[in-house]
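J.: File name query_19.cif; file contents mmCIF, C-alpha atoms; full text below.
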```cif
data_target
loop_
_atom_site.group_PDB
_atom_site.id
_atom_site.type_symbol
_atom_site.label_atom_id
_atom_site.label_comp_id
_atom_site.auth_asym_id
_atom_site.auth_seq_id
_atom_site.Cartn_x
_atom_site.Cartn_y
_atom_site.Cartn_z
ATOM 1 C CA MET A 26 0.000 0.000 0.000
ATOM 2 C CA ARG A 27 2.815 2.416 0.892
ATOM 3 C CA ARG A 28 4.545 1.649 -2.415
ATOM 4 C CA ASN A 29 1.327 2.294 -4.353
ATOM 5 C CA HIS A 30 0.792 5.537 -2.458
ATOM 6 C CA GLN A 31 4.337 6.698 -3.250
ATOM 7 C CA SER A 32 3.848 5.854 -6.936
ATOM 8 C CA THR A 33 0.641 7.879 -7.022
ATOM 9 C CA LEU A 34 2.391 10.900 -5.480
ATOM 10 C CA ILE A 35 5.211 10.686 -8.039
ATOM 11 C CA VAL A 36 2.762 10.527 -10.955
ATOM 12 C CA ARG A 37 0.779 13.505 -9.645
ATOM 13 C CA THR A 38 3.964 15.545 -9.124
ATOM 14 C CA LEU A 39 5.221 14.833 -12.643
ATOM 15 C CA ALA A 40 1.817 15.740 -14.131
ATOM 16 C CA ALA A 41 1.736 19.050 -12.262
ATOM 17 C CA ALA A 42 5.232 19.909 -13.482
ATOM 18 C CA ALA A 43 4.227 19.151 -17.059
ATOM 19 C CA VAL A 44 1.216 21.490 -16.795
ATOM 20 C CA VAL A 45 3.434 24.306 -15.486
ATOM 21 C CA ALA A 46 5.951 23.729 -18.326
ATOM 22 C CA VAL A 47 3.240 23.829 -21.010
ATOM 23 C CA ALA A 48 1.635 26.948 -19.546
ATOM 24 C CA VAL A 49 4.938 28.848 -19.519
ATOM 25 C CA GLY A 50 5.985 27.735 -22.997
ATOM 26 C CA CYS A 51 2.661 28.676 -24.707
ATOM 27 C CA SER A 52 1.956 31.956 -23.009
ATOM 28 C CA PRO A 53 2.217 34.980 -25.371
ATOM 29 C CA GLN A 54 5.188 37.230 -24.869
ATOM 30 C CA SER A 55 4.438 40.861 -24.263
ATOM 31 C CA SER A 56 5.766 43.239 -26.899
ATOM 32 C CA LYS A 57 6.279 45.885 -24.255
ATOM 33 C CA ALA A 58 9.482 46.121 -22.225
ATOM 34 C CA ALA A 59 9.131 45.145 -18.585
ATOM 35 C CA GLU A 60 8.716 47.986 -16.160
ATOM 36 C CA PRO A 61 11.898 48.705 -14.171
ATOM 37 C CA GLY A 62 11.904 46.592 -11.016
ATOM 38 C CA ALA A 63 9.090 44.293 -12.142
ATOM 39 C CA PRO A 64 9.595 40.596 -11.344
ATOM 40 C CA ALA A 65 10.611 38.338 -14.222
ATOM 41 C CA ALA A 66 8.086 35.877 -15.577
ATOM 42 C CA PRO A 67 8.423 32.300 -14.291
ATOM 43 C CA GLY A 68 11.039 30.441 -16.251
ATOM 44 C CA SER A 69 12.336 33.520 -18.089
ATOM 45 C CA PRO A 70 16.063 34.281 -17.943
ATOM 46 C CA SER A 71 17.242 37.115 -15.755
ATOM 47 C CA PRO A 72 18.383 40.184 -17.776
ATOM 48 C CA ALA A 73 21.651 40.159 -15.848
ATOM 49 C CA SER A 74 22.408 36.533 -16.724
ATOM 50 C CA SER A 75 21.343 36.616 -20.396
ATOM 51 C CA SER A 76 24.239 37.187 -22.792
ATOM 52 C CA SER A 77 21.840 37.932 -25.716
ATOM 53 C CA ALA A 78 19.795 40.525 -23.884
ATOM 54 C CA PRO A 79 20.092 44.137 -25.135
ATOM 55 C CA THR A 80 22.300 46.386 -23.082
ATOM 56 C CA SER A 81 19.398 48.748 -22.491
ATOM 57 C CA SER A 82 15.878 47.504 -21.870
ATOM 58 C CA SER A 83 14.501 50.801 -20.655
ATOM 59 C CA PRO A 84 11.190 51.769 -22.323
ATOM 60 C CA SER A 85 12.677 55.176 -23.081
ATOM 61 C CA ALA A 86 15.495 53.715 -25.184
ATOM 62 C CA SER A 87 15.416 54.897 -28.826
ATOM 63 C CA THR A 88 14.417 52.285 -31.409
ATOM 64 C CA ASP A 89 15.304 54.322 -34.517
ATOM 65 C CA ASP A 90 18.663 55.225 -36.013
ATOM 66 C CA LYS A 91 18.922 58.684 -34.486
ATOM 67 C CA PRO A 92 22.026 59.246 -32.328
ATOM 68 C CA ALA A 93 21.412 59.180 -28.633
ATOM 69 C CA GLY A 94 20.509 62.522 -27.213
ATOM 70 C CA SER A 95 19.070 63.905 -30.483
ATOM 71 C CA PRO A 96 16.514 66.581 -29.658
ATOM 72 C CA SER A 97 12.893 65.914 -30.589
ATOM 73 C CA PRO A 98 11.603 67.899 -33.572
ATOM 74 C CA THR A 99 9.858 71.067 -32.600
ATOM 75 C CA ALA A 100 7.280 73.183 -34.381
ATOM 76 C CA SER A 101 9.986 75.630 -35.452
ATOM 77 C CA ALA A 102 11.904 72.833 -37.216
ATOM 78 C CA THR A 103 9.004 71.817 -39.445
ATOM 79 C CA THR A 104 8.597 73.233 -42.938
ATOM 80 C CA ALA A 105 6.181 76.118 -43.017
ATOM 81 C CA ALA A 106 3.047 75.545 -45.097
ATOM 82 C CA LYS A 107 2.973 77.348 -48.419
ATOM 83 C CA PRO A 108 0.636 80.320 -48.462
ATOM 84 C CA ALA A 109 -2.489 79.982 -50.602
ATOM 85 C CA PRO A 110 -2.186 81.615 -54.035
ATOM 86 C CA GLU A 111 -3.586 85.123 -54.324
ATOM 87 C CA VAL A 112 -7.117 85.316 -55.746
ATOM 88 C CA LEU A 113 -7.133 87.756 -58.666
ATOM 89 C CA MET A 114 -10.708 87.387 -59.950
ATOM 90 C CA SER A 115 -13.843 85.572 -58.818
ATOM 91 C CA ASN A 116 -17.592 85.401 -59.369
ATOM 92 C CA GLY A 117 -19.066 88.917 -59.480
ATOM 93 C CA ALA A 118 -15.872 90.662 -60.583
ATOM 94 C CA LYS A 119 -16.010 93.113 -63.482
ATOM 95 C CA GLY A 120 -13.473 94.915 -65.650
ATOM 96 C CA ASP A 121 -10.941 94.666 -68.433
ATOM 97 C CA GLN A 122 -8.966 91.872 -66.769
ATOM 98 C CA VAL A 123 -12.085 89.703 -66.674
ATOM 99 C CA LYS A 124 -12.622 90.375 -70.375
ATOM 100 C CA GLU A 125 -9.031 89.369 -71.071
ATOM 101 C CA LEU A 126 -9.544 86.210 -69.016
ATOM 102 C CA GLN A 127 -12.594 85.303 -71.092
ATOM 103 C CA ALA A 128 -10.811 85.966 -74.374
ATOM 104 C CA ARG A 129 -7.818 83.869 -73.340
ATOM 105 C CA LEU A 130 -10.089 81.005 -72.254
ATOM 106 C CA ALA A 131 -11.786 81.240 -75.651
ATOM 107 C CA GLN A 132 -8.443 80.743 -77.380
ATOM 108 C CA ILE A 133 -8.119 77.260 -75.871
ATOM 109 C CA GLY A 134 -11.779 76.339 -76.179
ATOM 110 C CA TRP A 135 -12.972 76.900 -72.616
ATOM 111 C CA PHE A 136 -15.126 79.985 -73.137
ATOM 112 C CA ASP A 137 -17.665 79.977 -75.940
ATOM 113 C CA ASP A 138 -19.314 83.367 -75.718
ATOM 114 C CA THR A 139 -18.565 87.040 -76.365
ATOM 115 C CA PRO A 140 -16.271 88.453 -73.660
ATOM 116 C CA THR A 141 -18.404 90.663 -71.439
ATOM 117 C CA GLY A 142 -16.033 91.703 -68.666
ATOM 118 C CA THR A 143 -18.408 90.231 -66.067
ATOM 119 C CA TYR A 144 -17.313 87.186 -64.094
ATOM 120 C CA GLY A 145 -20.501 85.126 -63.967
ATOM 121 C CA ALA A 146 -21.583 81.482 -63.963
ATOM 122 C CA ALA A 147 -20.228 80.757 -67.460
ATOM 123 C CA THR A 148 -16.791 82.153 -66.605
ATOM 124 C CA THR A 149 -16.720 80.300 -63.293
ATOM 125 C CA ALA A 150 -17.542 77.024 -65.062
ATOM 126 C CA ALA A 151 -14.902 77.693 -67.731
ATOM 127 C CA VAL A 152 -12.190 78.417 -65.143
ATOM 128 C CA LYS A 153 -13.177 75.350 -63.130
ATOM 129 C CA GLY A 154 -12.922 73.136 -66.204
ATOM 130 C CA PHE A 155 -9.557 74.632 -67.137
ATOM 131 C CA GLN A 156 -8.246 74.033 -63.619
ATOM 132 C CA GLY A 157 -9.478 70.458 -63.479
ATOM 133 C CA ARG A 158 -7.789 69.456 -66.727
ATOM 134 C CA ARG A 159 -4.457 70.767 -65.458
ATOM 135 C CA GLY A 160 -4.470 69.261 -61.997
ATOM 136 C CA LEU A 161 -5.226 72.520 -60.199
ATOM 137 C CA ALA A 162 -7.758 72.981 -57.408
ATOM 138 C CA GLU A 163 -11.179 73.296 -59.068
ATOM 139 C CA THR A 164 -12.318 76.454 -57.311
ATOM 140 C CA GLY A 165 -13.717 78.388 -60.268
ATOM 141 C CA THR A 166 -11.859 81.450 -59.020
ATOM 142 C CA THR A 167 -8.846 82.790 -60.886
ATOM 143 C CA ASP A 168 -5.888 82.770 -58.546
ATOM 144 C CA SER A 169 -2.297 83.649 -59.402
ATOM 145 C CA VAL A 170 -1.371 80.031 -60.219
ATOM 146 C CA THR A 171 -4.330 79.601 -62.585
ATOM 147 C CA TRP A 172 -3.647 82.948 -64.239
ATOM 148 C CA ASP A 173 0.040 82.185 -64.790
ATOM 149 C CA ARG A 174 -0.808 78.820 -66.352
ATOM 150 C CA LEU A 175 -3.352 80.467 -68.670
ATOM 151 C CA LEU A 176 -0.889 83.185 -69.708
ATOM 152 C CA ALA A 177 1.677 80.533 -70.633
ATOM 153 C CA MET A 178 -0.798 78.754 -72.914
ATOM 154 C CA THR A 179 -2.347 81.737 -74.705
ATOM 155 C CA THR A 180 -1.484 85.009 -76.433
ATOM 156 C CA LYS A 181 -2.523 88.565 -75.608
ATOM 157 C CA PRO A 182 -6.044 88.998 -77.044
ATOM 158 C CA THR A 183 -6.513 91.324 -79.987
ATOM 159 C CA ALA A 184 -9.178 94.033 -80.098
ATOM 160 C CA GLU A 185 -11.262 91.736 -82.311
ATOM 161 C CA GLU A 186 -11.022 88.928 -79.766
ATOM 162 C CA LEU A 187 -11.991 91.199 -76.878
ATOM 163 C CA ALA A 188 -15.014 92.275 -78.926
ATOM 164 C CA GLY A 189 -15.982 88.681 -79.644
ATOM 165 C CA GLN A 190 -15.427 89.075 -83.384
ATOM 166 C CA ALA A 191 -12.607 86.509 -83.657
ATOM 167 C CA VAL A 192 -10.794 83.813 -81.716
ATOM 168 C CA ASN A 193 -7.112 83.190 -82.372
ATOM 169 C CA LYS A 194 -6.589 79.640 -81.224
ATOM 170 C CA PRO A 195 -2.999 78.453 -80.860
ATOM 171 C CA ALA A 196 -2.081 75.646 -83.216
ATOM 172 C CA ALA A 197 -2.612 72.244 -81.635
ATOM 173 C CA LYS A 198 0.557 70.326 -80.887
ATOM 174 C CA LEU A 199 0.385 67.208 -83.018
ATOM 175 C CA ASP A 200 0.880 63.894 -81.303
ATOM 176 C CA PRO A 201 3.878 61.976 -82.749
ATOM 177 C CA ARG A 202 1.459 59.207 -83.767
ATOM 178 C CA CYS A 203 -0.192 61.681 -86.151
ATOM 179 C CA MET A 204 2.922 62.258 -88.242
ATOM 180 C CA THR A 205 2.623 59.319 -90.636
ATOM 181 C CA GLY A 206 -0.213 58.330 -92.939
ATOM 182 C CA ARG A 207 -3.750 59.713 -93.044
ATOM 183 C CA VAL A 208 -4.889 60.693 -89.564
ATOM 184 C CA MET A 209 -7.731 62.439 -87.780
ATOM 185 C CA CYS A 210 -5.572 63.937 -85.016
ATOM 186 C CA ILE A 211 -7.871 64.905 -82.120
ATOM 187 C CA SER A 212 -6.468 66.975 -79.235
ATOM 188 C CA LYS A 213 -8.437 67.139 -75.993
ATOM 189 C CA THR A 214 -6.166 69.945 -74.793
ATOM 190 C CA SER A 215 -6.908 72.381 -77.610
ATOM 191 C CA ARG A 216 -10.326 70.855 -78.404
ATOM 192 C CA THR A 217 -9.502 70.599 -82.068
ATOM 193 C CA LEU A 218 -9.473 67.973 -84.792
ATOM 194 C CA SER A 219 -6.726 68.260 -87.382
ATOM 195 C CA TRP A 220 -6.870 66.280 -90.606
ATOM 196 C CA VAL A 221 -3.236 65.324 -91.207
ATOM 197 C CA VAL A 222 -1.796 63.621 -94.286
ATOM 198 C CA ASN A 223 1.844 62.512 -94.131
ATOM 199 C CA GLY A 224 2.615 64.988 -91.363
ATOM 200 C CA LYS A 225 0.958 68.010 -93.034
ATOM 201 C CA VAL A 226 -2.214 69.586 -91.605
ATOM 202 C CA GLN A 227 -4.925 69.859 -94.258
ATOM 203 C CA SER A 228 -7.680 71.376 -92.095
ATOM 204 C CA THR A 229 -8.531 72.040 -88.444
ATOM 205 C CA MET A 230 -11.915 72.333 -86.733
ATOM 206 C CA ASP A 231 -13.367 72.835 -83.243
ATOM 207 C CA VAL A 232 -14.617 69.734 -81.439
ATOM 208 C CA ARG A 233 -16.121 68.807 -78.103
ATOM 209 C CA PHE A 234 -16.158 65.486 -76.278
ATOM 210 C CA GLY A 235 -18.143 63.297 -73.920
ATOM 211 C CA SER A 236 -18.908 64.254 -70.335
ATOM 212 C CA GLN A 237 -17.152 62.753 -67.323
ATOM 213 C CA TYR A 238 -19.849 60.064 -67.237
ATOM 214 C CA THR A 239 -19.539 59.194 -70.930
ATOM 215 C CA PRO A 240 -15.913 60.074 -71.755
ATOM 216 C CA THR A 241 -14.451 59.934 -75.231
ATOM 217 C CA ARG A 242 -11.885 57.140 -75.378
ATOM 218 C CA GLU A 243 -8.232 58.008 -75.879
ATOM 219 C CA GLY A 244 -5.747 56.072 -77.971
ATOM 220 C CA VAL A 245 -5.124 54.996 -81.550
ATOM 221 C CA PHE A 246 -8.053 53.692 -83.631
ATOM 222 C CA LYS A 247 -9.137 53.192 -87.229
ATOM 223 C CA VAL A 248 -12.261 54.336 -89.031
ATOM 224 C CA PHE A 249 -14.336 51.193 -89.555
ATOM 225 C CA GLU A 250 -17.649 52.662 -90.736
ATOM 226 C CA LYS A 251 -18.985 55.831 -92.376
ATOM 227 C CA SER A 252 -22.628 56.957 -92.399
ATOM 228 C CA ARG A 253 -23.533 60.262 -94.047
ATOM 229 C CA ASN A 254 -27.049 60.567 -92.592
ATOM 230 C CA HIS A 255 -26.698 58.473 -89.452
ATOM 231 C CA VAL A 256 -29.278 58.503 -86.635
ATOM 232 C CA SER A 257 -28.379 57.141 -83.200
ATOM 233 C CA THR A 258 -30.264 53.930 -82.408
ATOM 234 C CA ILE A 259 -29.744 54.572 -78.679
ATOM 235 C CA TYR A 260 -30.539 58.286 -78.323
ATOM 236 C CA HIS A 261 -32.503 58.704 -81.585
ATOM 237 C CA THR A 262 -30.617 61.875 -82.473
ATOM 238 C CA ALA A 263 -29.115 62.854 -85.808
ATOM 239 C CA MET A 264 -25.386 62.196 -86.313
ATOM 240 C CA PRO A 265 -24.661 63.534 -89.820
ATOM 241 C CA TYR A 266 -21.304 62.688 -91.419
ATOM 242 C CA ALA A 267 -20.592 60.015 -88.786
ATOM 243 C CA MET A 268 -17.201 58.276 -88.938
ATOM 244 C CA PHE A 269 -17.040 55.477 -86.355
ATOM 245 C CA PHE A 270 -13.698 54.649 -84.791
ATOM 246 C CA SER A 271 -14.369 52.895 -81.432
ATOM 247 C CA GLY A 272 -17.576 50.956 -80.814
ATOM 248 C CA GLY A 273 -20.419 53.474 -80.925
ATOM 249 C CA GLN A 274 -18.089 56.493 -80.719
ATOM 250 C CA ALA A 275 -17.736 58.515 -83.899
ATOM 251 C CA VAL A 276 -16.648 61.863 -85.270
ATOM 252 C CA HIS A 277 -19.791 63.635 -86.510
ATOM 253 C CA TYR A 278 -21.540 66.979 -86.968
ATOM 254 C CA SER A 279 -23.569 68.223 -83.987
ATOM 255 C CA SER A 280 -26.284 70.847 -84.357
ATOM 256 C CA ASP A 281 -26.371 71.118 -80.554
ATOM 257 C CA PHE A 282 -22.659 71.985 -80.507
ATOM 258 C CA ALA A 283 -23.286 74.559 -83.229
ATOM 259 C CA ALA A 284 -26.078 76.128 -81.150
ATOM 260 C CA ARG A 285 -24.804 75.826 -77.571
ATOM 261 C CA GLY A 286 -21.075 75.439 -77.939
ATOM 262 C CA TYR A 287 -19.139 74.029 -75.004
ATOM 263 C CA ASN A 288 -22.111 74.421 -72.667
ATOM 264 C CA GLY A 289 -23.085 70.883 -73.658
ATOM 265 C CA ALA A 290 -21.340 67.561 -74.163
ATOM 266 C CA SER A 291 -21.680 64.408 -76.226
ATOM 267 C CA HIS A 292 -22.328 60.855 -75.099
ATOM 268 C CA GLY A 293 -18.744 59.982 -75.992
ATOM 269 C CA CYS A 294 -18.572 61.002 -79.635
ATOM 270 C CA VAL A 295 -16.348 63.728 -81.066
ATOM 271 C CA ASN A 296 -18.731 66.542 -82.023
ATOM 272 C CA VAL A 297 -17.850 69.000 -84.810
ATOM 273 C CA ARG A 298 -19.763 72.279 -85.035
ATOM 274 C CA ASP A 299 -18.710 73.495 -88.482
ATOM 275 C CA LYS A 300 -20.965 71.634 -90.918
ATOM 276 C CA GLY A 301 -19.017 72.674 -93.999
ATOM 277 C CA LYS A 302 -15.700 71.441 -92.581
ATOM 278 C CA ILE A 303 -17.054 68.098 -91.377
ATOM 279 C CA ALA A 304 -18.739 67.527 -94.747
ATOM 280 C CA ALA A 305 -15.428 68.062 -96.562
ATOM 281 C CA LEU A 306 -13.636 65.851 -94.031
ATOM 282 C CA PHE A 307 -16.210 63.091 -94.489
ATOM 283 C CA ASP A 308 -15.465 63.008 -98.220
ATOM 284 C CA ALA A 309 -11.702 62.944 -97.627
ATOM 285 C CA VAL A 310 -11.534 60.206 -94.976
ATOM 286 C CA HIS A 311 -11.354 56.551 -96.054
ATOM 287 C CA ILE A 312 -12.252 53.396 -94.182
ATOM 288 C CA GLY A 313 -9.090 52.268 -92.377
ATOM 289 C CA ASP A 314 -7.679 55.781 -91.857
ATOM 290 C CA LYS A 315 -6.139 56.337 -88.441
ATOM 291 C CA VAL A 316 -7.741 58.232 -85.547
ATOM 292 C CA VAL A 317 -5.609 59.467 -82.645
ATOM 293 C CA VAL A 318 -7.323 60.908 -79.535
ATOM 294 C CA TYR A 319 -4.904 62.375 -77.000
ATOM 295 C CA TRP A 320 -4.267 65.108 -74.444
#
```
Could you rewrite the structure in this file as structure tokens?

T.:
Amino acid sequence: MRRNHQSTLIVRTLAAAAVVAVAVGCSPQSSKAAEPGAPAAPGSPSPASSSSAPTSSSPSASTDDKPAGSPSPTASATTAAKPAPEVLMSNGAKGDQVKELQARLAQIGWFDDTPTGTYGAATTAAVKGFQGRRGLAETGTTDSVTWDRLLAMTTKPTAEELAGQAVNKPAAKLDPRCMTGRVMCISKTSRTLSWVVNGKVQSTMDVRFGSQYTPTREGVFKVFEKSRNHVSTIYHTAMPYAMFFSGGQAVHYSSDFAARGYNGASHGCVNVRDKGKIAALFDAVHIGDKVVVYW
């Protein structure tokens, strides 16, 4: 009986030791350094006896590569925020500078009315669109950054331009892909279509594009269908002189563009407002001719 009792005690002692060993080995290690003076966890090596322990286990020890004793950054050491650009013109403004703004916007296709010298809803929308296409804050107000960008892209308006009698658009910069073969070269920046044959511009016309919800695709395409008196099967609207280049998107005449200008947008097609020019272009373009749409 005594021997059996001793055996039972030995078994129970060994089992208890095994439980303690498993509990210590599986317990998660804290990622935080121990507080100074705190007792070590059961079974963990003493910091003083561990040869692999870091020389400093203080919570205040630096963990980055800054030299010890480096001062913390202060507010005076941070880079000062850039001041907001000066607002030069905004909604409600009037005067000669506003008229110049409108004439310059007209040169690059963003203002489609006679310059009035009054900064109203149409001018605000034109400035906002110009800003958005160039990665500027779309405020609709003309600040110094917007004005400088516009000056760099346009020329000083003539008396005829300020009177709304003419618009001197800068020549569109041809994409390199337009320099060989027969190409309808369509620039979203200048809002123009240039008919180019072997690198030489034959004619240029104003165009407008799809809205942000129905954007005109960009890239290189080929004319795969022509339809002189086409009518949209989706919107049931007339699309005279249609030249299809990407799915249902085509270059065609738009009476709405002729009437409302850039106040409207297409459903993705490239609208032309000069009926005489698009008619001549329709006769010149062949199936298989290249179409390049780019910024």

J.: Restricting the calculation to only C-alpha atoms: of A:Gly273, A:Gly134, A:Gly120, A:Gly244, which residue gets closest to Trp320 of chain A?

T.: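 Counting only C-alpha atoms, the residue closest to Trp320 of chain A is A:Gly244.
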
J.: Run the PyMOL selection byres ((chain A and resi 126) around 12) against the file shown and list the residues it catches, as a PyMOL selection string.

T.: chain A and resi 113-115+118-125+127-133+135-136+139-144+148-149+151-152+155+166-168+171-176+179-182+186-187

J.: Compare A:Ile303, A:Ala147, A:Ala283, A:Ala184 by their minimum atom-to-atom distance to Ala267 of chain A, counting all atoms listed in the file, and give me the closest one.

T.: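 The closest residue to Ala267 of chain A is A:Ile303.
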
J.: To verify the selection step, state as a PDB file with C-alpha atoms, in the coordinates of the input which residues the PyMOL selection byres ((chain A and resi 281) around 12) yields on this input.

T.:
```pdb
ATOM      1  CA  VAL A 232     -14.617  69.734 -81.439  1.00  0.00           C
ATOM      2  CA  ARG A 233     -16.121  68.807 -78.103  1.00  0.00           C
ATOM      3  CA  THR A 262     -30.617  61.875 -82.473  1.00  0.00           C
ATOM      4  CA  ALA A 263     -29.115  62.854 -85.808  1.00  0.00           C
ATOM      5  CA  MET A 264     -25.386  62.196 -86.313  1.00  0.00           C
ATOM      6  CA  HIS A 277     -19.791  63.635 -86.510  1.00  0.00           C
ATOM      7  CA  TYR A 278     -21.540  66.979 -86.968  1.00  0.00           C
ATOM      8  CA  SER A 279     -23.569  68.223 -83.987  1.00  0.00           C
ATOM      9  CA  SER A 280     -26.284  70.847 -84.357  1.00  0.00           C
ATOM     10  CA  PHE A 282     -22.659  71.985 -80.507  1.00  0.00           C
ATOM     11  CA  ALA A 283     -23.286  74.559 -83.229  1.00  0.00           C
ATOM     12  CA  ALA A 284     -26.078  76.128 -81.150  1.00  0.00           C
ATOM     13  CA  ARG A 285     -24.804  75.826 -77.571  1.00  0.00           C
ATOM     14  CA  GLY A 286     -21.075  75.439 -77.939  1.00  0.00           C
ATOM     15  CA  TYR A 287     -19.139  74.029 -75.004  1.00  0.00           C
ATOM     16  CA  ASN A 288     -22.111  74.421 -72.667  1.00  0.00           C
ATOM     17  CA  GLY A 289     -23.085  70.883 -73.658  1.00  0.00           C
ATOM     18  CA  ALA A 290     -21.340  67.561 -74.163  1.00  0.00           C
ATOM     19  CA  SER A 291     -21.680  64.408 -76.226  1.00  0.00           C
ATOM     20  CA  ASN A 296     -18.731  66.542 -82.023  1.00  0.00           C
ATOM     21  CA  VAL A 297     -17.850  69.000 -84.810  1.00  0.00           C
ATOM     22  CA  ARG A 298     -19.763  72.279 -85.035  1.00  0.00           C
ATOM     23  CA  ASP A 299     -18.710  73.495 -88.482  1.00  0.00           C
ATOM     24  CA  LYS A 300     -20.965  71.634 -90.918  1.00  0.00           C
TER      25      LYS A 300
END
```

J.: Could you tell me which residues the PyMOL selection byres ((chain A and resi 194-210) around 9) grabs in this file, written as a count of residues only?

T.: 34

J.: Could you check how far atom CA of Glu163 of chain A sits from atom CA of Gly189 of chain A, in Å to one decimal?

T.: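 Distance reported for this atom pair: 26.1 Å.
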
J.: So how far away is atom CA of Glu111 of chain A from atom CA of Val170 of chain A, in Å?

T.: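 Taking atom CA of Val170 of chain A as the start and atom CA of Glu111 of chain A as the end point, the length is 8.1 Å.
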
J.: Fewer than 2 positions away in the same chain doesn't count, so skip those; otherwise give me all residues within 8 Å of Lys251 of chain A, counting all atoms listed in the file, as a list in words.

T.: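 Listing them by chain and then by number gives Val248, Phe249, Arg253, Tyr266, Ala267, Met268, Phe269 and Ile312 of chain A.
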
J.: Of the candidates A:Gly235, A:Gly157, A:Gly313, A:Gly165, which shows the shortest atom-to-atom distance to Val112 of chain A, using only C-alpha atoms?

T.: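 With only C-alpha atoms as the atom set, the closest residue is A:Gly165.
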
J.: Calculated over all atoms listed in the file, which of the candidates A:Gly117, A:Pro110, A:Gly301, A:Gly160 has the smallest distance to Met230 of chain A?

T.: A:Gly301

J.: Rounded to one decimal in Å, what is the spacing between atom CA of Glu243 of chain A and atom CA of Thr229 of chain A?

T.: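 Result for atom CA of Glu243 of chain A versus atom CA of Thr229 of chain A: 18.8 Å, one decimal.
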
J.: Axis-aligned box over every listed atom of segment 267-283 of chain A, padded by 5 Å per side: centre and edges in Å to one decimal, as lines of an AutoDock Vina configuration file?

T.:
```
center_x = -20.0
center_y = 62.8
center_z = -84.7
size_x = 22.7
size_y = 33.6
size_z = 18.4
```

J.: Regenerate segment 254-258 of chain A at the level of all heavy atoms and dump it as a tab-separated table (two decimals), in the coordinates of the input.

T.:
```tsv
chain	number	residue	atom	x	y	z
A	254	ASN	N	-25.82	60.07	-93.23
A	254	ASN	CA	-27.05	60.57	-92.59
A	254	ASN	C	-27.44	59.68	-91.41
A	254	ASN	O	-28.60	59.26	-91.28
A	254	ASN	CB	-28.19	60.61	-93.62
A	254	ASN	CG	-27.90	61.56	-94.76
A	254	ASN	OD1	-27.65	62.75	-94.55
A	254	ASN	ND2	-27.90	61.04	-95.98
A	255	HIS	N	-26.48	59.41	-90.55
A	255	HIS	CA	-26.70	58.47	-89.45
A	255	HIS	C	-27.62	59.05	-88.37
A	255	HIS	O	-27.62	60.25	-88.10
A	255	HIS	CB	-25.36	58.10	-88.81
A	255	HIS	CG	-25.44	56.92	-87.91
A	255	HIS	ND1	-25.42	55.63	-88.37
A	255	HIS	CD2	-25.56	56.83	-86.56
A	255	HIS	CE1	-25.52	54.79	-87.35
A	255	HIS	NE2	-25.61	55.50	-86.24
A	256	VAL	N	-28.42	58.16	-87.77
A	256	VAL	CA	-29.28	58.50	-86.64
A	256	VAL	C	-28.97	57.50	-85.52
A	256	VAL	O	-28.97	56.29	-85.76
A	256	VAL	CB	-30.77	58.46	-86.99
A	256	VAL	CG1	-31.63	58.72	-85.75
A	256	VAL	CG2	-31.09	59.48	-88.08
A	257	SER	N	-28.73	58.00	-84.33
A	257	SER	CA	-28.38	57.14	-83.20
A	257	SER	C	-29.53	56.20	-82.87
A	257	SER	O	-30.68	56.64	-82.71
A	257	SER	CB	-28.04	57.98	-81.97
A	257	SER	OG	-27.91	57.17	-80.81
A	258	THR	N	-29.24	54.91	-82.77
A	258	THR	CA	-30.26	53.93	-82.41
A	258	THR	C	-30.51	53.91	-80.90
A	258	THR	O	-31.49	53.34	-80.44
A	258	THR	CB	-29.85	52.52	-82.87
A	258	THR	OG1	-28.57	52.21	-82.28
A	258	THR	CG2	-29.72	52.46	-84.38
```
